[in-house]
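Asks: Next comes the structure file target24.csv, holding CSV, C-alpha atoms and all ligand atoms.
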```
chain,number,residue,atom,x,y,z
A,2,MET,CA,0.0,0.0,0.0
A,3,GLU,CA,1.4,3.4,-0.9
A,4,THR,CA,1.8,6.0,1.8
A,5,VAL,CA,0.0,9.4,1.8
A,6,LEU,CA,0.9,12.0,4.4
A,7,SER,CA,-0.4,15.4,5.3
A,8,GLY,CA,0.1,17.9,8.1
A,9,ILE,CA,-1.8,20.9,9.3
A,10,ARG,CA,-0.5,23.7,11.5
A,11,SER,CA,-2.3,24.0,14.8
A,12,THR,CA,-3.7,27.5,14.6
A,13,GLY,CA,-7.4,28.1,15.2
A,14,HIS,CA,-10.4,26.2,13.9
A,15,LEU,CA,-10.8,24.3,10.6
A,16,HIS,CA,-12.7,26.2,7.9
A,17,LEU,CA,-14.6,25.1,4.9
A,18,GLY,CA,-11.4,25.5,2.8
A,19,ASN,CA,-9.7,22.9,5.0
A,20,TYR,CA,-12.8,20.7,4.8
A,21,PHE,CA,-13.4,20.7,1.1
A,22,GLY,CA,-9.8,21.1,0.0
A,23,ALA,CA,-8.4,18.4,2.2
A,24,LEU,CA,-10.2,16.8,5.1
A,25,ARG,CA,-13.2,15.4,3.2
A,26,ASN,CA,-10.8,13.7,0.8
A,27,PHE,CA,-8.6,12.3,3.6
A,28,VAL,CA,-11.7,10.6,5.0
A,29,LYS,CA,-12.4,9.1,1.6
A,30,ILE,CA,-8.9,7.6,1.2
A,31,GLN,CA,-8.1,6.5,4.7
A,32,ASN,CA,-8.8,2.9,4.0
A,33,THR,CA,-7.2,2.7,0.5
A,34,TYR,CA,-3.8,4.2,1.4
A,35,ASN,CA,-1.4,3.9,4.3
A,36,CYS,CA,-2.3,7.4,5.7
A,37,TYR,CA,-0.4,9.6,8.1
A,38,PHE,CA,-2.2,12.7,9.2
A,39,PHE,CA,-0.6,14.9,11.8
A,40,ILE,CA,-0.8,18.2,13.6
A,41,ALA,CA,2.2,20.3,12.9
A,42,ASP,CA,2.7,21.8,16.3
A,43,LEU,CA,6.4,22.3,15.9
A,44,HIS,CA,5.7,24.4,12.8
A,45,SER,CA,3.3,26.5,14.8
A,46,LEU,CA,6.0,27.6,17.2
A,47,THR,CA,7.5,29.9,14.6
A,48,THR,CA,4.9,32.5,15.7
A,49,HIS,CA,5.5,32.0,19.5
A,50,PRO,CA,1.9,31.2,20.5
A,51,HIS,CA,1.1,31.5,24.2
A,52,PRO,CA,1.6,28.0,25.8
A,53,GLU,CA,-2.1,27.7,26.8
A,54,ASP,CA,-3.4,28.8,23.4
A,55,PHE,CA,-0.9,26.4,21.8
A,56,HIS,CA,-2.2,23.4,23.7
A,57,ARG,CA,-5.8,24.3,23.1
A,58,SER,CA,-5.2,24.6,19.3
A,59,VAL,CA,-3.7,21.2,19.1
A,60,ARG,CA,-6.6,19.8,20.9
A,61,THR,CA,-9.1,21.7,18.7
A,62,ILE,CA,-7.7,20.5,15.4
A,63,LEU,CA,-7.5,16.9,16.7
A,64,ALA,CA,-11.1,17.0,17.8
A,65,GLU,CA,-12.3,18.6,14.6
A,66,TYR,CA,-10.4,16.1,12.4
A,67,ILE,CA,-12.0,13.2,14.3
A,68,ALA,CA,-15.5,14.8,14.3
A,69,ALA,CA,-15.2,15.3,10.5
A,70,GLY,CA,-14.7,11.6,10.1
A,71,LEU,CA,-11.0,10.8,10.3
A,72,ASP,CA,-10.7,7.4,11.9
A,73,PRO,CA,-7.7,6.9,14.2
A,74,GLU,CA,-7.9,3.2,13.7
A,75,SER,CA,-7.7,3.4,9.9
A,76,SER,CA,-5.1,6.2,9.6
A,77,THR,CA,-2.2,7.1,11.7
A,78,LEU,CA,-3.3,10.3,13.4
A,79,PHE,CA,-0.6,11.9,15.5
A,80,VAL,CA,1.0,15.1,16.9
A,81,GLN,CA,4.3,16.0,15.3
A,82,SER,CA,6.1,16.8,18.5
A,83,ASP,CA,5.2,13.3,19.9
A,84,VAL,CA,7.6,11.9,17.3
A,85,PRO,CA,11.2,13.1,18.2
A,86,GLU,CA,12.6,11.2,15.2
A,87,VAL,CA,11.2,14.1,13.1
A,88,SER,CA,13.4,16.6,14.9
A,89,GLU,CA,16.4,14.3,14.5
A,90,LEU,CA,16.0,13.9,10.8
A,91,TYR,CA,15.5,17.7,10.6
A,92,VAL,CA,19.0,18.2,12.0
A,93,LEU,CA,20.4,15.9,9.4
A,94,LEU,CA,18.6,17.6,6.6
A,95,ASN,CA,19.6,21.0,7.8
A,96,MET,CA,23.1,20.1,6.8
A,97,LEU,CA,22.0,19.7,3.2
A,98,ALA,CA,19.9,22.9,3.1
A,99,TYR,CA,21.5,26.0,1.8
A,100,LYS,CA,20.8,29.4,3.3
A,101,GLY,CA,20.4,31.0,-0.2
A,102,GLU,CA,17.7,28.7,-1.4
A,103,LEU,CA,15.8,28.9,1.9
A,104,GLU,CA,15.9,32.7,1.7
A,105,ARG,CA,14.5,32.6,-1.8
A,106,THR,CA,11.5,30.5,-0.7
A,107,THR,CA,8.3,32.4,-1.5
A,108,SER,CA,6.5,31.6,1.8
A,109,PHE,CA,9.6,32.9,3.7
A,110,LYS,CA,9.8,36.1,1.8
A,111,ASP,CA,6.0,36.7,2.2
A,112,LYS,CA,6.2,36.1,5.9
A,113,VAL,CA,9.1,38.4,6.3
A,114,ARG,CA,7.4,41.1,4.5
A,115,LEU,CA,4.2,40.6,6.6
A,116,ALA,CA,6.2,40.6,9.8
A,117,LYS,CA,8.0,43.8,8.8
A,118,ALA,CA,4.8,45.5,7.7
A,119,LYS,CA,3.1,44.7,11.0
A,120,ALA,CA,6.0,45.9,13.0
A,121,ARG,CA,6.2,49.2,11.1
A,122,ASN,CA,2.5,49.6,10.9
A,123,LYS,CA,2.6,49.8,7.1
A,124,ALA,CA,0.9,48.0,4.2
A,125,VAL,CA,2.6,44.9,3.0
A,126,ASN,CA,3.2,46.3,-0.4
A,127,GLU,CA,5.1,49.2,1.0
A,128,ILE,CA,7.7,46.8,2.5
A,129,SER,CA,10.5,45.3,0.6
A,130,TYR,CA,12.0,41.9,1.5
A,131,ASP,CA,15.5,43.3,1.3
A,132,ASP,CA,14.9,45.9,3.9
A,133,HIS,CA,17.6,44.7,6.3
A,134,ASP,CA,16.7,46.4,9.5
A,135,ASP,CA,15.2,43.4,11.3
A,136,GLU,CA,15.7,44.4,14.9
A,137,GLY,CA,12.8,43.5,17.2
A,138,ILE,CA,11.0,41.6,14.4
A,139,ASN,CA,10.4,37.9,14.9
A,140,ILE,CA,12.1,36.5,11.8
A,141,ASN,CA,13.6,33.4,13.4
A,142,ALA,CA,15.7,30.6,12.1
A,143,GLY,CA,12.7,28.2,12.5
A,144,LEU,CA,10.9,30.3,10.0
A,145,LEU,CA,13.8,30.2,7.6
A,146,THR,CA,14.1,26.4,7.9
A,147,TYR,CA,10.3,25.8,7.9
A,148,PRO,CA,10.6,23.9,4.6
A,149,VAL,CA,13.4,21.6,6.0
A,150,LEU,CA,11.2,20.6,8.9
A,151,MET,CA,8.3,20.0,6.5
A,152,ALA,CA,10.7,17.8,4.4
A,153,ALA,CA,11.6,15.9,7.5
A,154,ASP,CA,7.8,15.3,8.2
A,155,ILE,CA,7.4,13.8,4.8
A,156,LEU,CA,10.6,11.9,4.4
A,157,ILE,CA,10.6,10.3,7.9
A,158,HIS,CA,7.7,8.2,6.8
A,159,ARG,CA,9.1,7.7,3.2
A,160,ALA,CA,5.8,9.1,2.0
A,161,ASN,CA,4.9,8.6,-1.7
A,162,TYR,CA,2.2,11.2,-1.9
A,163,VAL,CA,1.4,14.5,-0.2
A,164,PRO,CA,-1.9,16.3,-1.0
A,165,VAL,CA,-0.9,19.9,-1.3
A,166,GLY,CA,-2.6,23.2,-2.2
A,167,LYS,CA,-0.9,25.8,-4.4
A,168,ASP,CA,0.7,27.5,-1.5
A,169,GLN,CA,2.6,24.3,-0.4
A,170,GLU,CA,3.8,23.2,-3.9
A,171,GLN,CA,7.2,24.9,-3.5
A,172,HIS,CA,7.7,23.2,-0.1
A,173,LEU,CA,6.9,19.8,-1.6
A,174,GLU,CA,9.3,20.4,-4.4
A,175,TYR,CA,11.9,21.3,-1.8
A,176,ALA,CA,11.3,18.0,0.0
A,177,ARG,CA,12.0,16.3,-3.3
A,178,VAL,CA,15.2,18.3,-3.7
A,179,LEU,CA,16.4,17.3,-0.2
A,180,ALA,CA,15.5,13.6,-0.8
A,181,ARG,CA,17.5,13.6,-4.0
A,182,ARG,CA,20.4,15.4,-2.4
A,183,PHE,CA,20.5,13.0,0.5
A,184,ASN,CA,20.3,10.0,-1.8
A,185,ASN,CA,23.0,11.4,-4.1
A,186,MET,CA,25.4,12.3,-1.3
A,187,TYR,CA,25.0,9.0,0.6
A,188,GLY,CA,24.7,6.8,-2.4
A,189,GLU,CA,21.5,5.0,-1.4
A,190,GLU,CA,17.9,5.1,-2.2
A,191,ILE,CA,16.9,6.0,1.3
A,192,PHE,CA,14.1,8.4,0.5
A,193,PRO,CA,11.6,8.0,-2.3
A,194,GLU,CA,10.7,11.3,-3.9
A,195,PRO,CA,7.3,12.4,-2.6
A,196,LYS,CA,4.8,13.4,-5.3
A,197,ALA,CA,1.7,15.6,-5.2
A,198,PHE,CA,-1.4,13.7,-4.5
A,199,ASN,CA,-4.5,14.5,-6.6
A,200,PHE,CA,-7.9,13.6,-5.5
A,201,GLY,CA,-9.1,13.0,-9.0
A,202,ASN,CA,-10.9,16.2,-9.6
A,203,GLU,CA,-9.0,19.4,-10.2
A,204,LEU,CA,-7.7,21.3,-7.1
A,205,ILE,CA,-10.7,22.7,-5.2
A,206,LYS,CA,-10.2,26.3,-4.3
A,207,VAL,CA,-12.6,27.4,-1.7
A,208,PRO,CA,-13.1,31.2,-2.0
A,209,GLY,CA,-13.4,33.5,1.0
A,210,LEU,CA,-16.6,35.5,1.6
A,211,ASP,CA,-15.0,38.9,1.1
A,212,GLY,CA,-15.0,38.8,-2.6
A,213,SER,CA,-11.4,38.0,-3.3
A,214,GLY,CA,-8.9,35.2,-2.8
A,215,LYS,CA,-9.3,32.0,-1.0
A,216,MET,CA,-10.6,31.1,2.4
A,217,GLY,CA,-7.8,31.2,4.9
A,218,LYS,CA,-7.1,31.2,8.5
A,219,SER,CA,-5.3,34.4,8.5
A,220,GLU,CA,-7.6,36.1,6.1
A,221,GLY,CA,-10.5,36.5,8.5
A,222,ASN,CA,-13.0,35.6,5.7
A,223,GLY,CA,-13.8,32.1,6.7
A,224,ILE,CA,-16.7,29.9,7.7
A,225,TYR,CA,-15.6,27.4,10.4
A,226,LEU,CA,-16.8,23.9,11.0
A,227,TYR,CA,-17.3,25.1,14.6
A,228,ASP,CA,-19.6,28.0,13.6
A,229,ASP,CA,-23.2,27.6,14.7
A,230,GLU,CA,-26.2,28.2,12.4
A,231,LYS,CA,-26.6,31.8,13.4
A,232,THR,CA,-23.0,32.7,12.8
A,233,ILE,CA,-22.9,30.9,9.5
A,234,THR,CA,-26.1,32.7,8.3
A,235,LYS,CA,-24.8,36.0,9.5
A,236,LYS,CA,-21.5,35.5,7.7
A,237,VAL,CA,-23.1,34.4,4.4
A,238,MET,CA,-25.7,37.2,4.5
A,239,ARG,CA,-22.9,39.7,4.9
A,240,ALA,CA,-21.0,38.5,1.8
A,241,LEU,CA,-20.4,41.1,-0.8
A,242,THR,CA,-23.0,41.4,-3.6
A,243,ASP,CA,-24.5,44.1,-5.8
A,244,SER,CA,-27.8,45.1,-7.2
A,245,GLY,CA,-27.6,42.3,-9.8
A,246,PRO,CA,-27.0,42.1,-13.6
A,247,THR,CA,-28.9,44.3,-15.9
A,248,GLU,CA,-28.0,42.6,-19.2
A,249,PRO,CA,-28.9,39.0,-19.8
A,250,ASN,CA,-26.0,36.5,-19.6
A,251,SER,CA,-23.6,39.1,-18.2
A,252,PRO,CA,-20.1,38.0,-17.1
A,253,MET,CA,-20.0,37.4,-13.4
A,254,PRO,CA,-17.9,39.6,-11.1
A,255,GLU,CA,-15.5,37.5,-8.9
A,256,TYR,CA,-17.5,38.0,-5.7
A,257,ILE,CA,-20.7,36.6,-7.2
A,258,ASN,CA,-18.8,33.8,-8.9
A,259,ASN,CA,-17.4,32.9,-5.5
A,260,LEU,CA,-20.9,32.5,-4.1
A,261,PHE,CA,-21.6,30.1,-6.9
A,262,THR,CA,-18.4,28.2,-6.2
A,263,LEU,CA,-19.4,27.7,-2.6
A,264,MET,CA,-22.9,26.7,-3.7
A,265,ASN,CA,-21.4,24.1,-6.0
A,266,LEU,CA,-19.7,22.5,-3.1
A,267,VAL,CA,-22.7,22.3,-0.7
A,268,SER,CA,-25.9,22.5,-2.7
A,269,ASP,CA,-27.8,20.2,-5.0
A,270,PRO,CA,-26.9,20.7,-8.6
A,271,SER,CA,-30.5,21.7,-9.4
A,272,THR,CA,-30.3,24.5,-6.8
A,273,VAL,CA,-27.2,25.9,-8.4
A,274,GLU,CA,-28.8,25.7,-11.8
A,275,PHE,CA,-31.9,27.5,-10.5
A,276,PHE,CA,-29.9,30.5,-9.4
A,277,LYS,CA,-27.7,30.5,-12.5
A,278,GLU,CA,-30.8,30.8,-14.6
A,279,LYS,CA,-32.0,33.6,-12.5
A,280,TYR,CA,-28.7,35.3,-12.8
A,281,ASN,CA,-28.7,34.9,-16.6
A,282,ASP,CA,-32.2,36.3,-17.0
A,283,CYS,CA,-31.5,39.2,-14.5
A,284,SER,CA,-34.2,38.1,-12.0
A,285,ILE,CA,-31.8,36.9,-9.3
A,286,ARG,CA,-32.3,38.0,-5.7
A,287,TYR,CA,-29.0,37.6,-3.9
A,288,GLY,CA,-30.8,37.6,-0.5
A,289,ASP,CA,-32.6,34.5,-1.5
A,290,MET,CA,-29.5,32.9,-2.9
A,291,LYS,CA,-27.5,33.6,0.3
A,292,LYS,CA,-30.3,32.2,2.5
A,293,GLN,CA,-30.2,29.0,0.5
A,294,LEU,CA,-26.4,28.9,0.6
A,295,ALA,CA,-26.3,29.4,4.3
A,296,ALA,CA,-28.9,26.6,4.8
A,297,ASP,CA,-26.9,24.2,2.6
A,298,ILE,CA,-23.6,25.0,4.3
A,299,CYS,CA,-25.3,24.2,7.7
A,300,LYS,CA,-26.4,20.9,6.3
A,301,VAL,CA,-22.8,19.9,5.8
A,302,THR,CA,-21.2,21.4,8.9
A,303,LEU,CA,-23.8,21.1,11.7
A,304,PRO,CA,-23.6,17.3,12.0
A,305,ILE,CA,-19.8,17.7,12.3
A,306,ARG,CA,-20.2,20.6,14.8
A,307,GLU,CA,-22.4,18.5,17.0
A,308,LYS,CA,-19.6,16.0,17.5
A,309,ILE,CA,-16.7,18.4,18.1
A,310,ASP,CA,-17.4,19.3,21.7
A,311,ALA,CA,-17.9,15.8,22.8
A,312,VAL,CA,-14.6,14.7,21.3
A,313,TYR,CA,-12.8,17.9,22.5
A,314,ASN,CA,-13.9,17.3,26.1
A,315,ASP,CA,-13.1,13.6,26.2
A,316,THR,CA,-9.6,13.7,27.5
A,317,ASP,CA,-9.2,10.0,28.0
A,318,TYR,CA,-10.2,9.2,24.5
A,319,LEU,CA,-7.9,11.9,23.0
A,320,ARG,CA,-5.1,10.6,25.1
A,321,LYS,CA,-5.7,7.1,23.8
A,322,VAL,CA,-5.9,8.3,20.2
A,323,THR,CA,-2.7,10.3,20.4
A,324,GLN,CA,-0.8,7.5,22.1
A,325,MET,CA,-1.9,5.1,19.5
A,326,GLY,CA,-0.9,7.5,16.7
A,327,ARG,CA,2.4,8.3,18.3
A,328,ASP,CA,3.3,4.6,18.6
A,329,LYS,CA,2.4,3.8,15.0
A,330,ALA,CA,4.2,6.9,13.8
A,331,ARG,CA,7.3,6.3,15.8
A,332,GLU,CA,7.6,2.8,14.6
A,333,SER,CA,7.7,4.0,11.0
A,334,ALA,CA,9.9,7.0,11.8
A,335,SER,CA,12.5,5.1,13.8
A,336,ALA,CA,12.9,2.6,11.0
A,337,THR,CA,13.6,5.4,8.5
A,338,LEU,CA,15.9,7.3,10.9
A,339,SER,CA,18.0,4.2,11.4
A,340,LEU,CA,18.5,3.8,7.7
A,341,ALA,CA,19.4,7.5,7.3
A,342,LYS,CA,21.8,7.5,10.3
A,343,LYS,CA,23.5,4.4,9.0
A,344,ALA,CA,23.9,6.0,5.6
A,345,VAL,CA,25.4,9.1,7.1
A,346,GLY,CA,27.9,7.1,9.0
A,347,PHE,CA,26.6,7.0,12.5
A,348,LYS,CA,27.0,3.7,14.1
A,349,VAL,CA,23.5,2.2,14.9
A,350,PHE,CA,23.7,-0.9,17.0
B,401,LIG,N1,3.2,23.7,5.9
B,401,LIG,C1,1.9,23.0,5.9
B,401,LIG,C2,0.8,24.1,5.9
B,401,LIG,O1,1.1,25.2,6.4
B,401,LIG,C3,1.7,22.2,7.1
B,401,LIG,C4,2.7,21.0,7.0
B,401,LIG,C5,3.7,20.8,7.9
B,401,LIG,C6,2.7,19.9,6.1
B,401,LIG,N2,4.4,19.7,7.5
B,401,LIG,C7,3.7,19.1,6.5
B,401,LIG,C8,1.8,19.6,5.0
B,401,LIG,C9,4.0,17.9,5.7
B,401,LIG,C10,2.1,18.4,4.3
B,401,LIG,C11,3.2,17.6,4.7
B,401,LIG,O2,-0.3,23.9,5.4
```
Would you kindly transcribe this structure into structure tokens?
Replies:
Amino acid sequence: METVLSGIRSTGHLHLGNYFGALRNFVKIQNTYNCYFFIADLHSLTTHPHPEDFHRSVRTILAEYIAAGLDPESSTLFVQSDVPEVSELYVLLNMLAYKGELERTTSFKDKVRLAKAKARNKAVNEISYDDHDDEGININAGLLTYPVLMAADILIHRANYVPVGKDQEQHLEYARVLARRFNNMYGEEIFPEPKAFNFGNELIKVPGLDGSGKMGKSEGNGIYLYDDEKTITKKVMRALTDSGPTEPNSPMPEYINNLFTLMNLVSDPSTVEFFKEKYNDCSIRYGDMKKQLAADICKVTLPIREKIDAVYNDTDYLRKVTQMGRDKARESASATLSLAKKAVGFKVF
């Protein structure tokens, strides 16, 4: 059985983008692949969360993963920091990672610009990455080597496939680079090169509700699995619209198209068709459309929401799940680490 692996940073709640872009598909494949799903709590440390928030976030994601249908018996569900082999491989890979290439990583440059913009109270586009006055700004080495840690996550389980969105493609490519570099340097096929995993249909991009871009944790435009009916309805009703098309078959502005994209994910095809026709003959009432959209989102998310609290509060169960996940993950991780250490020249008795 081939191995699929994916991690998620432990910040905040899961939103519809996480659900439709990833989670729903994980649930579908968990019995057909050897799956590793984990909470990337080490990665979250780059932003120095408060210890209490940090712990709560790990628990939140775990509970939401399980409530949404991930089965800890079928897949290996674990917390990154429970598997120290990851950190050990990270040290080895860091020796093969060059400062220049890490500095050129898009996500690093973006984060640096964002951090500087925040610190100087300016818009991101006013800040250049090459502005070298970094004093007092949290641009730590962990942020720089973020892609190395991610490569360690993937390579430690010798994963064949990693489902990735656009924003993680470069990181996956870097994991391939490090795998090749390691194999070339130590003359062995220790690490298979991980490939992007496609769920059959084209990459689903779940748009945000603010008329532009995708739904994201940091964007503040999301609907969360944890939102109740009232919150969801309020968020959807607030989504940007206009007074409607005046010419039949007009092109759709992006913010309207986004509503249809969301509707495609949650509603019956006949419902989508109904509102498309109304759009095309200029009789659409966005209030009605949004009401329907909110109701259909709730149909998907409320059953999940109902389970979240019960799982979140069941400490014994969560302890059992994470211990089981840790044991399975460590078994695979330590086998790979032994191979890697032997190849490097450590004596492994
Ligand atoms: N960097 C990923 C993100 O922000 C999270 C992640 C960490 C990950 N390690 C991983 C994803 C390994 C896939 C494989 O979304």
Asks: For Met151 of chain A, which residue among A:Asp83, A:Glu102, A:Asp315, A:Glu170 is the nearest when counting only C-alpha atoms?
Replies: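 Answer, going by the shortest atom-to-atom distance: A:Glu170.
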Asks: Using all atoms listed in the file, which of the listed residues (A:Val273, A:Ala311, A:Leu156, A:Ala142) sits closest to ligand LIG 401 (chain B)?
Replies: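 Closest to ligand LIG 401 (chain B), using all atoms listed in the file: A:Leu156.
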Asks: To box segment 96-105 of chain A, take all atoms listed in the file, fit an axis-aligned box, add 8 Å on each side, and give centre and edge lengths in Å to one decimal, as lines of an AutoDock Vina configuration file.
Replies:
```
center_x = 18.8
center_y = 26.2
center_z = 2.5
size_x = 24.6
size_y = 29.0
size_z = 24.6
```
Asks: Using all atoms listed in the file, which protein or nucleic acid residues come within 12 Å of Asn185 of chain A? Drop anything in the same chain fewer than 6 positions from it, and give the result as a ChimeraX atom specification.
Replies: /A:97,178-179,191-192,344-345
Asks: Pick out the residues sitting within 12 Å of Lys279 of chain A, and hand them over as a ChimeraX atom specification; count all atoms listed in the file, and ignore anything fewer than 2 positions along from it in its own chain.
Replies: /A:245-251,272-277,281-287,289-290
Asks: Can you write out the residues you just picked, keeping C-alpha atoms, as a PDB file, in the frame of the given file?
Replies:
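Result written to result23.pdb:
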```pdb
ATOM      1  CA  GLY A 245     -27.600  42.300  -9.800  1.00  0.00           C
ATOM      2  CA  PRO A 246     -27.000  42.100 -13.600  1.00  0.00           C
ATOM      3  CA  THR A 247     -28.900  44.300 -15.900  1.00  0.00           C
ATOM      4  CA  GLU A 248     -28.000  42.600 -19.200  1.00  0.00           C
ATOM      5  CA  PRO A 249     -28.900  39.000 -19.800  1.00  0.00           C
ATOM      6  CA  ASN A 250     -26.000  36.500 -19.600  1.00  0.00           C
ATOM      7  CA  SER A 251     -23.600  39.100 -18.200  1.00  0.00           C
ATOM      8  CA  THR A 272     -30.300  24.500  -6.800  1.00  0.00           C
ATOM      9  CA  VAL A 273     -27.200  25.900  -8.400  1.00  0.00           C
ATOM     10  CA  GLU A 274     -28.800  25.700 -11.800  1.00  0.00           C
ATOM     11  CA  PHE A 275     -31.900  27.500 -10.500  1.00  0.00           C
ATOM     12  CA  PHE A 276     -29.900  30.500  -9.400  1.00  0.00           C
ATOM     13  CA  LYS A 277     -27.700  30.500 -12.500  1.00  0.00           C
ATOM     14  CA  ASN A 281     -28.700  34.900 -16.600  1.00  0.00           C
ATOM     15  CA  ASP A 282     -32.200  36.300 -17.000  1.00  0.00           C
ATOM     16  CA  CYS A 283     -31.500  39.200 -14.500  1.00  0.00           C
ATOM     17  CA  SER A 284     -34.200  38.100 -12.000  1.00  0.00           C
ATOM     18  CA  ILE A 285     -31.800  36.900  -9.300  1.00  0.00           C
ATOM     19  CA  ARG A 286     -32.300  38.000  -5.700  1.00  0.00           C
ATOM     20  CA  TYR A 287     -29.000  37.600  -3.900  1.00  0.00           C
ATOM     21  CA  ASP A 289     -32.600  34.500  -1.500  1.00  0.00           C
ATOM     22  CA  MET A 290     -29.500  32.900  -2.900  1.00  0.00           C
TER      23      MET A 290
END
```
Asks: Just checking: using all atoms listed in the file, which residue out of A:Lys300, A:His44, A:Lys100, A:His14 ends up closest to ligand LIG 401 (chain B)?
Replies: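 Ranking A:Lys300, A:His44, A:Lys100, A:His14 by distance to ligand LIG 401 (chain B), first place goes to A:His44.
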Asks: Give the answer as one residue: which of A:Ile309, A:Ala152, A:Leu145, A:Val80 has the shortest atom-to-atom distance to ligand LIG 401 (chain B), using only C-alpha atoms and all ligand atoms?
Replies: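 For ligand LIG 401 (chain B), the nearest of the given residues is A:Ala152.
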Asks: So how far away is atom CA of Thr234 of chain A from atom CA of Leu260 of chain A, in Å?
Replies: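 Value for the atom CA of Leu260 of chain A-atom CA of Thr234 of chain A distance: 13.4 Å.
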Asks: Could you please determine the separation between atom CA of Asp72 of chain A and atom CA of Val28 of chain A in Å, to one decimal place?
Replies: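 So the answer is 7.7 Å.
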Asks: Between atom CA of Ala341 of chain A and atom CA of Leu94 of chain A, what is the spacing in Å?
Replies: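 Atom CA of Ala341 of chain A lies 10.2 Å from atom CA of Leu94 of chain A.
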Asks: Smallest atom-to-atom distance to Met216 of chain A: which of A:Thr33, A:Asn19, A:Thr302, A:Thr12, using all atoms listed in the file?
Replies: A:Asn19
Asks: Kindly indicate which residue among A:Val163, A:Leu93, A:Leu24, A:Ile140 lies nearest to ligand LIG 401 (chain B), using only C-alpha atoms and all ligand atoms for the distances.
Replies: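 Of all the options, A:Val163 lies closest to ligand LIG 401 (chain B).
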Asks: Write out as a PyMOL selection string each polymer residue whose atoms come within 7 Å of segment 112-115 of chain A, counting only C-alpha atoms; drop sequence neighbours fewer than 4 positions from it.
Replies: chain A and resi 108+119+125+128-130+140
Asks: Name all residues at most 7 Å from Leu338 of chain A (count only C-alpha atoms; drop same-chain ones fewer than 5 positions away) and give them as number ranges by chain.
Replies: A: 86, 90, 157
Asks: Store the residues of this selection in a file with C-alpha atoms, as a tab-separated table (two decimals), in the frame of the given file.
Replies:
```
chain	number	residue	atom	x	y	z
A	86	GLU	CA	12.60	11.20	15.20
A	90	LEU	CA	16.00	13.90	10.80
A	157	ILE	CA	10.60	10.30	7.90
```
